[in-house]
>>> print(open('upload_15.txt').read())   # compact mmCIF, C-alpha atoms
# COMPACT_ATOMS: atom_id res chain seq x y z
CA ALA A 1 17.01 -39.60 -45.35
CA GLU A 2 18.81 -36.54 -44.01
CA GLY A 3 20.22 -38.59 -41.14
CA ARG A 4 21.55 -41.30 -43.46
CA LEU A 5 23.17 -38.73 -45.72
CA SER A 6 24.71 -37.01 -42.70
CA PHE A 7 26.25 -40.27 -41.50
CA ALA A 8 27.48 -40.99 -45.02
CA LYS A 9 29.20 -37.60 -45.32
CA GLU A 10 29.72 -35.21 -42.40
CA ARG A 11 29.49 -37.75 -39.57
CA ARG A 12 31.22 -40.72 -41.17
CA ALA A 13 33.18 -42.60 -38.50
CA PRO A 14 36.85 -43.34 -39.28
CA GLY A 15 37.24 -46.75 -40.86
CA THR A 16 33.60 -47.07 -41.97
CA PRO A 17 33.56 -49.48 -44.96
CA GLY A 18 32.89 -47.78 -48.27
CA SER A 19 30.07 -50.24 -48.99
CA ILE A 20 28.21 -49.00 -45.87
CA VAL A 21 28.69 -45.38 -46.89
CA ALA A 22 27.37 -46.15 -50.37
CA TYR A 23 24.37 -47.97 -48.87
CA ARG A 24 23.53 -44.92 -46.74
CA GLN A 25 23.79 -42.63 -49.77
CA GLN A 26 21.50 -44.87 -51.82
CA ALA A 27 19.00 -45.23 -48.96
CA ALA A 28 18.98 -41.46 -48.50
CA LEU A 29 18.33 -40.92 -52.21
CA GLU A 30 15.46 -43.41 -52.17
CA GLY A 31 13.97 -41.53 -49.19
CA TYR A 32 14.21 -38.20 -50.97
CA GLU A 33 12.69 -39.64 -54.16
CA GLY A 34 9.83 -41.09 -52.11
CA ILE A 35 9.04 -37.63 -50.73
CA LEU A 36 9.20 -36.03 -54.16
CA SER A 37 6.71 -38.58 -55.51
CA ASN A 38 4.34 -38.24 -52.52
CA PRO A 39 1.38 -35.94 -53.36
CA ASP A 40 0.82 -35.28 -49.64
CA ALA A 41 4.33 -33.88 -49.08
CA SER A 42 4.45 -30.20 -48.15
CA ALA A 43 6.28 -27.58 -50.18
CA ASP A 44 8.97 -27.40 -47.48
CA GLN A 45 9.44 -31.18 -47.52
CA ARG A 46 9.74 -31.19 -51.29
CA ALA A 47 12.30 -28.38 -51.22
CA ARG A 48 14.40 -30.23 -48.64
CA ALA A 49 14.09 -33.46 -50.64
CA ARG A 50 15.27 -31.76 -53.83
CA LEU A 51 18.25 -30.27 -52.03
CA GLY A 52 19.11 -33.61 -50.43
CA ALA A 53 18.88 -35.49 -53.71
CA GLN A 54 21.25 -32.98 -55.28
CA ARG A 55 23.73 -33.49 -52.43
CA VAL A 56 23.61 -37.28 -52.89
CA GLY A 57 24.15 -36.91 -56.63
CA ALA A 58 27.27 -34.82 -56.04
CA ALA A 59 28.77 -37.34 -53.63
CA PRO A 60 31.25 -39.98 -54.81
CA ILE A 61 30.15 -43.60 -54.50
CA THR A 62 33.06 -44.94 -52.45
CA ASN A 63 36.82 -44.61 -52.35
CA GLU A 64 36.98 -48.30 -53.27
CA VAL A 65 35.23 -47.67 -56.59
CA VAL A 66 37.94 -45.20 -57.50
CA ALA A 67 40.69 -47.55 -56.35
CA VAL A 68 39.39 -50.50 -58.34
CA ALA A 69 40.36 -48.73 -61.55
CA ASP A 70 43.94 -49.57 -60.53
CA VAL A 71 43.53 -53.33 -60.91
CA GLY A 72 46.77 -54.97 -61.88
CA GLY A 73 47.78 -54.65 -65.51
CA LEU A 74 44.63 -52.80 -66.55
CA ILE A 75 44.79 -51.42 -70.10
CA ARG A 76 43.25 -47.96 -70.01
CA ARG A 77 40.66 -46.56 -72.37
CA SER A 78 43.21 -44.20 -73.87
CA SER A 79 45.35 -47.17 -74.98
CA TRP A 80 42.58 -48.71 -77.09
CA ARG A 81 41.48 -45.25 -78.24
CA ALA A 82 37.97 -45.35 -76.85
CA ARG A 83 35.42 -42.88 -78.17
CA ARG A 84 34.23 -40.04 -75.97
CA VAL A 85 31.20 -41.08 -73.97
CA LYS A 86 27.73 -39.56 -74.41
CA ARG A 87 27.10 -38.38 -70.86
CA THR A 88 23.44 -37.67 -71.51
CA GLU A 89 22.92 -41.37 -72.25
CA LEU A 90 24.70 -42.59 -69.08
CA SER A 91 23.46 -43.06 -65.51
CA ARG A 92 25.73 -42.49 -62.55
CA ALA A 93 26.39 -45.54 -60.40
CA ARG A 94 24.40 -44.87 -57.24
CA ALA A 95 23.95 -48.18 -55.45
CA PRO A 96 26.63 -50.15 -53.63
CA TRP A 97 28.27 -52.66 -55.96
CA GLN A 98 26.56 -55.97 -55.17
CA TRP A 99 27.02 -58.18 -58.23
CA ILE A 100 29.57 -59.24 -60.83
CA THR A 101 28.19 -60.60 -64.11
CA VAL A 102 30.34 -62.44 -66.65
CA HIS A 103 29.59 -62.44 -70.39
CA HIS A 104 31.14 -63.57 -73.64
CA SER A 105 31.28 -61.24 -76.60
CA VAL A 106 30.19 -63.83 -79.21
CA VAL A 107 32.35 -61.70 -81.53
CA ARG A 108 35.47 -63.63 -82.54
CA SER A 109 38.73 -62.42 -83.99
CA GLU A 110 41.65 -64.17 -85.64
CA ASP A 111 43.99 -61.45 -84.41
CA TYR A 112 44.50 -61.10 -80.68
CA SER A 113 47.63 -59.02 -80.87
CA PRO A 114 47.24 -55.86 -78.80
CA GLU A 115 46.06 -53.88 -81.83
CA GLY A 116 43.76 -56.71 -82.94
CA THR A 117 42.15 -56.79 -79.50
CA PHE A 118 41.80 -53.00 -79.44
CA ASP A 119 40.11 -53.11 -82.83
CA THR A 120 37.65 -55.74 -81.54
CA VAL A 121 36.85 -53.67 -78.44
CA ARG A 122 36.35 -50.54 -80.54
CA GLY A 123 33.95 -52.54 -82.70
CA ILE A 124 31.93 -53.57 -79.64
CA GLN A 125 31.85 -49.97 -78.43
CA ARG A 126 30.74 -48.80 -81.88
CA ASP A 127 27.90 -51.34 -81.92
CA HIS A 128 26.76 -50.41 -78.42
CA MET A 129 26.82 -46.67 -79.10
CA ASP A 130 25.65 -46.50 -82.71
CA SER A 131 23.31 -49.50 -83.00
CA LYS A 132 21.95 -49.71 -79.46
CA GLY A 133 22.08 -45.99 -78.70
CA TRP A 134 24.00 -46.41 -75.44
CA GLY A 135 26.31 -43.77 -74.01
CA ASP A 136 29.39 -46.03 -74.07
CA ILE A 137 30.46 -49.66 -74.28
CA GLY A 138 28.22 -51.63 -71.94
CA TYR A 139 30.86 -53.61 -69.99
CA HIS A 140 33.15 -52.28 -67.29
CA PHE A 141 35.98 -54.71 -68.11
CA LEU A 142 36.92 -56.93 -71.04
CA ILE A 143 39.44 -59.79 -71.20
CA ASP A 144 41.03 -61.12 -74.39
CA PRO A 145 42.42 -64.65 -75.01
CA ALA A 146 45.95 -63.42 -74.23
CA GLY A 147 44.73 -62.51 -70.73
CA ARG A 148 44.81 -58.74 -71.21
CA VAL A 149 42.35 -56.91 -68.94
CA ILE A 150 40.88 -53.87 -70.66
CA GLU A 151 39.03 -50.97 -69.08
CA GLY A 152 35.59 -50.56 -70.61
CA ARG A 153 32.92 -48.27 -69.16
CA GLU A 154 34.29 -46.42 -66.13
CA LEU A 155 32.91 -47.56 -62.79
CA GLN A 156 31.48 -44.13 -62.07
CA TRP A 157 28.76 -45.12 -64.58
CA GLN A 158 26.13 -47.81 -64.27
CA GLY A 159 26.74 -50.57 -66.81
CA ALA A 160 24.50 -51.69 -69.67
CA HIS A 161 24.96 -55.46 -69.82
CA ALA A 162 22.46 -57.32 -67.59
CA GLY A 163 19.24 -55.62 -68.69
CA GLY A 164 17.30 -52.74 -67.14
CA GLN A 165 17.24 -52.64 -63.35
CA ASN A 166 19.59 -55.64 -63.24
CA ASN A 167 22.42 -53.25 -64.11
CA ILE A 168 22.16 -51.41 -60.78
CA GLY A 169 25.15 -52.24 -58.60
CA ASN A 170 26.30 -54.79 -61.18
CA VAL A 171 29.88 -54.86 -62.56
CA GLY A 172 30.03 -56.27 -66.10
CA ILE A 173 32.97 -58.37 -67.34
CA CYS A 174 33.13 -59.65 -70.92
CA LEU A 175 35.52 -62.30 -72.22
CA LEU A 176 36.24 -61.87 -75.91
CA GLY A 177 35.21 -64.94 -77.90
CA ASN A 178 32.33 -67.30 -78.56
CA PHE A 179 32.31 -69.91 -75.81
CA ASP A 180 29.39 -71.86 -77.17
CA GLU A 181 31.84 -72.94 -79.88
CA ASP A 182 35.33 -72.49 -78.40
CA ARG A 183 36.92 -73.05 -75.02
CA PRO A 184 38.30 -70.02 -73.17
CA SER A 185 42.09 -69.84 -73.05
CA ARG A 186 44.00 -70.54 -69.85
CA ALA A 187 45.34 -66.99 -69.92
CA SER A 188 41.85 -65.49 -70.07
CA ILE A 189 40.59 -67.71 -67.22
CA ALA A 190 43.60 -66.82 -65.08
CA SER A 191 42.91 -63.12 -65.65
CA LEU A 192 39.21 -63.63 -64.91
CA ASP A 193 40.17 -65.32 -61.61
CA ARG A 194 42.42 -62.43 -60.62
CA LEU A 195 40.04 -59.68 -61.70
CA VAL A 196 36.99 -61.16 -59.99
CA LEU A 197 38.91 -61.82 -56.78
CA GLU A 198 40.20 -58.25 -56.71
CA LEU A 199 36.73 -56.85 -57.37
CA GLN A 200 35.25 -59.05 -54.66
CA GLN A 201 37.82 -57.88 -52.15
CA LYS A 202 37.65 -54.18 -52.97
CA LEU A 203 33.89 -53.96 -53.41
CA ARG A 204 32.97 -56.61 -50.78
CA ILE A 205 30.98 -58.73 -53.21
CA PRO A 206 30.35 -62.33 -52.04
CA ARG A 207 31.17 -65.27 -54.29
CA LEU A 208 27.49 -66.22 -54.61
CA ASN A 209 26.89 -62.84 -56.25
CA VAL A 210 29.26 -63.62 -59.13
CA ARG A 211 26.89 -64.73 -61.87
CA PRO A 212 26.70 -65.64 -65.54
CA HIS A 213 24.64 -63.43 -67.83
CA ARG A 214 22.05 -66.20 -68.17
CA ALA A 215 21.20 -65.82 -64.47
CA TRP A 216 19.52 -62.51 -65.35
CA LYS A 217 17.72 -63.34 -68.60
CA GLU A 218 17.04 -66.03 -71.20
CA THR A 219 20.33 -66.23 -73.07
CA ALA A 220 23.10 -68.70 -73.85
CA CYS A 221 25.67 -66.15 -72.64
CA PRO A 222 28.41 -66.66 -71.49
CA GLY A 223 28.52 -69.92 -73.45
CA ARG A 224 28.53 -73.58 -72.44
CA HIS A 225 32.33 -73.83 -72.31
CA LEU A 226 32.61 -70.97 -69.82
CA MET A 227 29.86 -72.19 -67.47
CA PRO A 228 32.12 -74.72 -65.65
CA TRP A 229 34.11 -71.75 -64.30
CA PHE A 230 31.13 -70.85 -62.10
CA THR A 231 30.56 -74.34 -60.71
CA ARG A 232 34.19 -74.93 -59.79
CA GLY A 233 34.16 -71.72 -57.71
>>> encode(input="upload_15.txt", output="C-alpha cells")
Amino acid sequence: AEGRLSFAKERRAPGTPGSIVAYRQQAALEGYEGILSNPDASADQRARARLGAQRVGAAPITNEVVAVADVGGLIRRSSWRARRVKRTELSRARAPWQWITVHHSVVRSEDYSPEGTFDTVRGIQRDHMDSKGWGDIGYHFLIDPAGRVIEGRELQWQGAHAGGQNNIGNVGICLLGNFDEDRPSRASIASLDRLVLELQQKLRIPRLNVRPHRAWKETACPGRHLMPWFTRG
C-alpha cells in the first residue's frame, strides 16, 4: 500500500495517465483499510495504515477530474442557484472513474427556458436533499430539451444515482423529461453525444461502460424512447 501511494504521489513518472494514478491511490487505500480491519495487525502497522489512509484522503483524484468540469458550454451551479451541499452527507470520489450511467428525470416541465430549466433542476435537488436526505443533487450532469448541459454534483463527490456501491467510479447524467412517454429532443441527444464523448476521452471510460440506469437495477429508467441511443452506439 505504501509503495502504491508513493508511485501515485512522490514517484509519479512524467506522463503517467491520471486513471493509473487514481487506481494506485484506490488500491493503496484498500490495502490500508484491510490492515485496519485485521485483528492480527500490530499497533505499529495500524498506526502506519491510519497515516497512509489520511494521506490518500488528502490527495486529489486526478487532474482529468478537475479538467472535466470545463466541458464545453457547461452551465455552472451558481447560474442555477444551487443550494449549499451538506458535506457530512457526501462521500469523496476515491476510485478511478469507470462508468457513465444515463437516466431520465421522469419530471416534466412545460417551460424549458433557461429559468424554467433551472427551476426544474432546483426542484430535483430539493427532492434529493430534503426527501431522500442526500448531501446534494444525485447526478453530476443534467441535460434539458434545449441541449443545455448543467453542472450537478461536483465530480469531487461520489454520485447518488445508481444505487449503493454502484455509485463508485460512476458518473451520473440525467436528461430532463419522461422518455417512457416522450421522445428526447435532437438537441438533448446531440448534447448527450458530446458530453459522453468528452467524458470518455478525459476519464478513459470505454464505450461498453456507458450504461442505462436499468443496467444497475430493476427500473424503467431511462425510458423506452431513450434506449435506442445505447444500441446505436
>>> axis_aligned_box(input="upload_15.txt", around="range 3-22 of chain A", padding_each_side="8 Å", output="lines of an AutoDock Vina configuration file")
center_x = 28.7
center_y = -42.7
center_z = -44.4
size_x = 33.0
size_y = 31.0
size_z = 27.9
>>> atom_distance(input="upload_15.txt", atom1="CA of Tyr32 in chain A", atom2="CA of Ala1 in chain A")
6.4 Å
>>> residues_around(input="upload_15.txt", residues="Pro222 in chain A", least_positions_apart="6", cutoff="9 Å", atoms="all atoms listed in the file", output="list in words")
Val102, His103, His104, Ser105, Val106, Cys174, Leu175, Asn178, Phe179, Asp180, Pro212, His213 and Arg214 of chain A
>>> write_last_selection(input="upload_15.txt", atoms="C-alpha atoms", output="PDB file, in the coordinates of the input")
ATOM      1  CA  VAL A 102      30.340 -62.440 -66.650  1.00  0.00           C
ATOM      2  CA  HIS A 103      29.590 -62.440 -70.390  1.00  0.00           C
ATOM      3  CA  HIS A 104      31.140 -63.570 -73.640  1.00  0.00           C
ATOM      4  CA  SER A 105      31.280 -61.240 -76.600  1.00  0.00           C
ATOM      5  CA  VAL A 106      30.190 -63.830 -79.210  1.00  0.00           C
ATOM      6  CA  CYS A 174      33.130 -59.650 -70.920  1.00  0.00           C
ATOM      7  CA  LEU A 175      35.520 -62.300 -72.220  1.00  0.00           C
ATOM      8  CA  ASN A 178      32.330 -67.300 -78.560  1.00  0.00           C
ATOM      9  CA  PHE A 179      32.310 -69.910 -75.810  1.00  0.00           C
ATOM     10  CA  ASP A 180      29.390 -71.860 -77.170  1.00  0.00           C
ATOM     11  CA  PRO A 212      26.700 -65.640 -65.540  1.00  0.00           C
ATOM     12  CA  HIS A 213      24.640 -63.430 -67.830  1.00  0.00           C
ATOM     13  CA  ARG A 214      22.050 -66.200 -68.170  1.00  0.00           C
TER      14      ARG A 214
END
>>> closest_residue(input="upload_15.txt", among="A:Gly15, A:Pro206, A:Gly52, A:Gly169", to="Gln156 in chain A", atoms="all atoms listed in the file")
A:Gly169
>>> closest_residue(input="upload_15.txt", among="A:Leu197, A:Leu203, A:Ile75, A:Ala162", to="Lys217 in chain A", atoms="all atoms listed in the file")
A:Ala162
>>> atom_distance(input="upload_15.txt", atom1="CA of Leu142 in chain A", atom2="CA of Glu110 in chain A")
17.0 Å
>>> atom_distance(input="upload_15.txt", atom1="CA of Glu151 in chain A", atom2="CA of Pro114 in chain A")
13.6 Å
>>> closest_atom_pairs(input="upload_15.txt", of="range 125-154 of chain A", to="range 77-88 of chain A", cutoff="9 Å", atoms="only C-alpha atoms", output="CSV")
residue,atom,partner,partner_atom,distance
A:Gln125,CA,A:Ala82,CA,7.8
A:Arg126,CA,A:Arg83,CA,8.4
A:Met129,CA,A:Lys86,CA,8.6
A:Trp134,CA,A:Lys86,CA,7.9
A:Gly135,CA,A:Lys86,CA,4.5
A:Asp136,CA,A:Val85,CA,5.3
A:Ile137,CA,A:Val85,CA,8.6
A:Ile150,CA,A:Arg77,CA,7.5
A:Glu151,CA,A:Arg77,CA,5.7
A:Gly152,CA,A:Arg77,CA,6.7
A:Arg153,CA,A:Arg77,CA,8.6
A:Glu154,CA,A:Arg77,CA,8.9
>>> closest_residue(input="upload_15.txt", among="A:Ala190, A:Val56, A:Ala220, A:Leu5", to="Ala93 in chain A", atoms="only C-alpha atoms")
A:Val56
>>> residues_around(input="upload_15.txt", residues="Arg194 in chain A", least_positions_apart="3", cutoff="12 Å", atoms="only C-alpha atoms", output="PyMOL selection string")
chain A and resi 71-74+143+147-149+187-191+197-201
>>> closest_residue(input="upload_15.txt", among="A:Gly164, A:Leu192, A:Thr117, A:Arg46", to="Gly34 in chain A", atoms="only C-alpha atoms")
A:Arg46
>>> closest_residue(input="upload_15.txt", among="A:Lys202, A:Gln98, A:Asp111, A:Arg122", to="Asn166 in chain A", atoms="all atoms listed in the file")
A:Gln98
>>> residues_around(input="upload_15.txt", residues="His161 in chain A", least_positions_apart="3", cutoff="8 Å", atoms="only C-alpha atoms", output="list in words")
Gly138, Tyr139, Asn167 and Gly172 of chain A
>>> residues_near_point(input="upload_15.txt", point="(24.8, -66.7, -54.9)", cutoff="12 Å", atoms="all atoms listed in the file", output="number ranges by chain")
A: 98-101, 205-212, 215, 230-231, 233
>>> closest_residue(input="upload_15.txt", among="A:Pro96, A:Trp157, A:Ser131, A:Leu195", to="Gly18 in chain A", atoms="all atoms listed in the file")
A:Pro96
>>> build_atoms(input="upload_15.txt", residues="range 161-172 of chain A", atoms="N, CA and C atoms", output="PDB file, in the coordinates of the input")
ATOM      1  N   HIS A 161      24.569 -54.106 -69.406  1.00  0.00           N
ATOM      2  CA  HIS A 161      24.960 -55.460 -69.820  1.00  0.00           C
ATOM      3  C   HIS A 161      24.038 -56.541 -69.297  1.00  0.00           C
ATOM      4  N   ALA A 162      23.302 -56.278 -68.191  1.00  0.00           N
ATOM      5  CA  ALA A 162      22.460 -57.320 -67.590  1.00  0.00           C
ATOM      6  C   ALA A 162      20.980 -57.081 -67.825  1.00  0.00           C
ATOM      7  N   GLY A 163      20.626 -55.915 -68.370  1.00  0.00           N
ATOM      8  CA  GLY A 163      19.240 -55.620 -68.690  1.00  0.00           C
ATOM      9  C   GLY A 163      18.508 -54.813 -67.642  1.00  0.00           C
ATOM     10  N   GLY A 164      18.144 -53.574 -67.979  1.00  0.00           N
ATOM     11  CA  GLY A 164      17.300 -52.740 -67.140  1.00  0.00           C
ATOM     12  C   GLY A 164      17.803 -52.564 -65.725  1.00  0.00           C
ATOM     13  N   GLN A 165      16.912 -52.819 -64.752  1.00  0.00           N
ATOM     14  CA  GLN A 165      17.240 -52.640 -63.350  1.00  0.00           C
ATOM     15  C   GLN A 165      18.326 -53.603 -62.871  1.00  0.00           C
ATOM     16  N   ASN A 166      18.548 -54.689 -63.616  1.00  0.00           N
ATOM     17  CA  ASN A 166      19.590 -55.640 -63.240  1.00  0.00           C
ATOM     18  C   ASN A 166      20.990 -55.028 -63.294  1.00  0.00           C
ATOM     19  N   ASN A 167      21.118 -53.899 -63.983  1.00  0.00           N
ATOM     20  CA  ASN A 167      22.420 -53.250 -64.110  1.00  0.00           C
ATOM     21  C   ASN A 167      22.819 -52.472 -62.855  1.00  0.00           C
ATOM     22  N   ILE A 168      21.871 -52.209 -61.961  1.00  0.00           N
ATOM     23  CA  ILE A 168      22.160 -51.410 -60.780  1.00  0.00           C
ATOM     24  C   ILE A 168      23.085 -52.188 -59.842  1.00  0.00           C
ATOM     25  N   GLY A 169      24.203 -51.588 -59.495  1.00  0.00           N
ATOM     26  CA  GLY A 169      25.150 -52.240 -58.600  1.00  0.00           C
ATOM     27  C   GLY A 169      25.802 -53.466 -59.182  1.00  0.00           C
ATOM     28  N   ASN A 170      25.875 -53.560 -60.500  1.00  0.00           N
ATOM     29  CA  ASN A 170      26.300 -54.790 -61.180  1.00  0.00           C
ATOM     30  C   ASN A 170      27.496 -54.493 -62.088  1.00  0.00           C
ATOM     31  N   VAL A 171      28.659 -55.048 -61.760  1.00  0.00           N
ATOM     32  CA  VAL A 171      29.880 -54.860 -62.560  1.00  0.00           C
ATOM     33  C   VAL A 171      29.868 -55.872 -63.699  1.00  0.00           C
ATOM     34  N   GLY A 172      30.047 -55.396 -64.923  1.00  0.00           N
ATOM     35  CA  GLY A 172      30.030 -56.270 -66.100  1.00  0.00           C
ATOM     36  C   GLY A 172      31.413 -56.588 -66.608  1.00  0.00           C
TER      37      GLY A 172
END
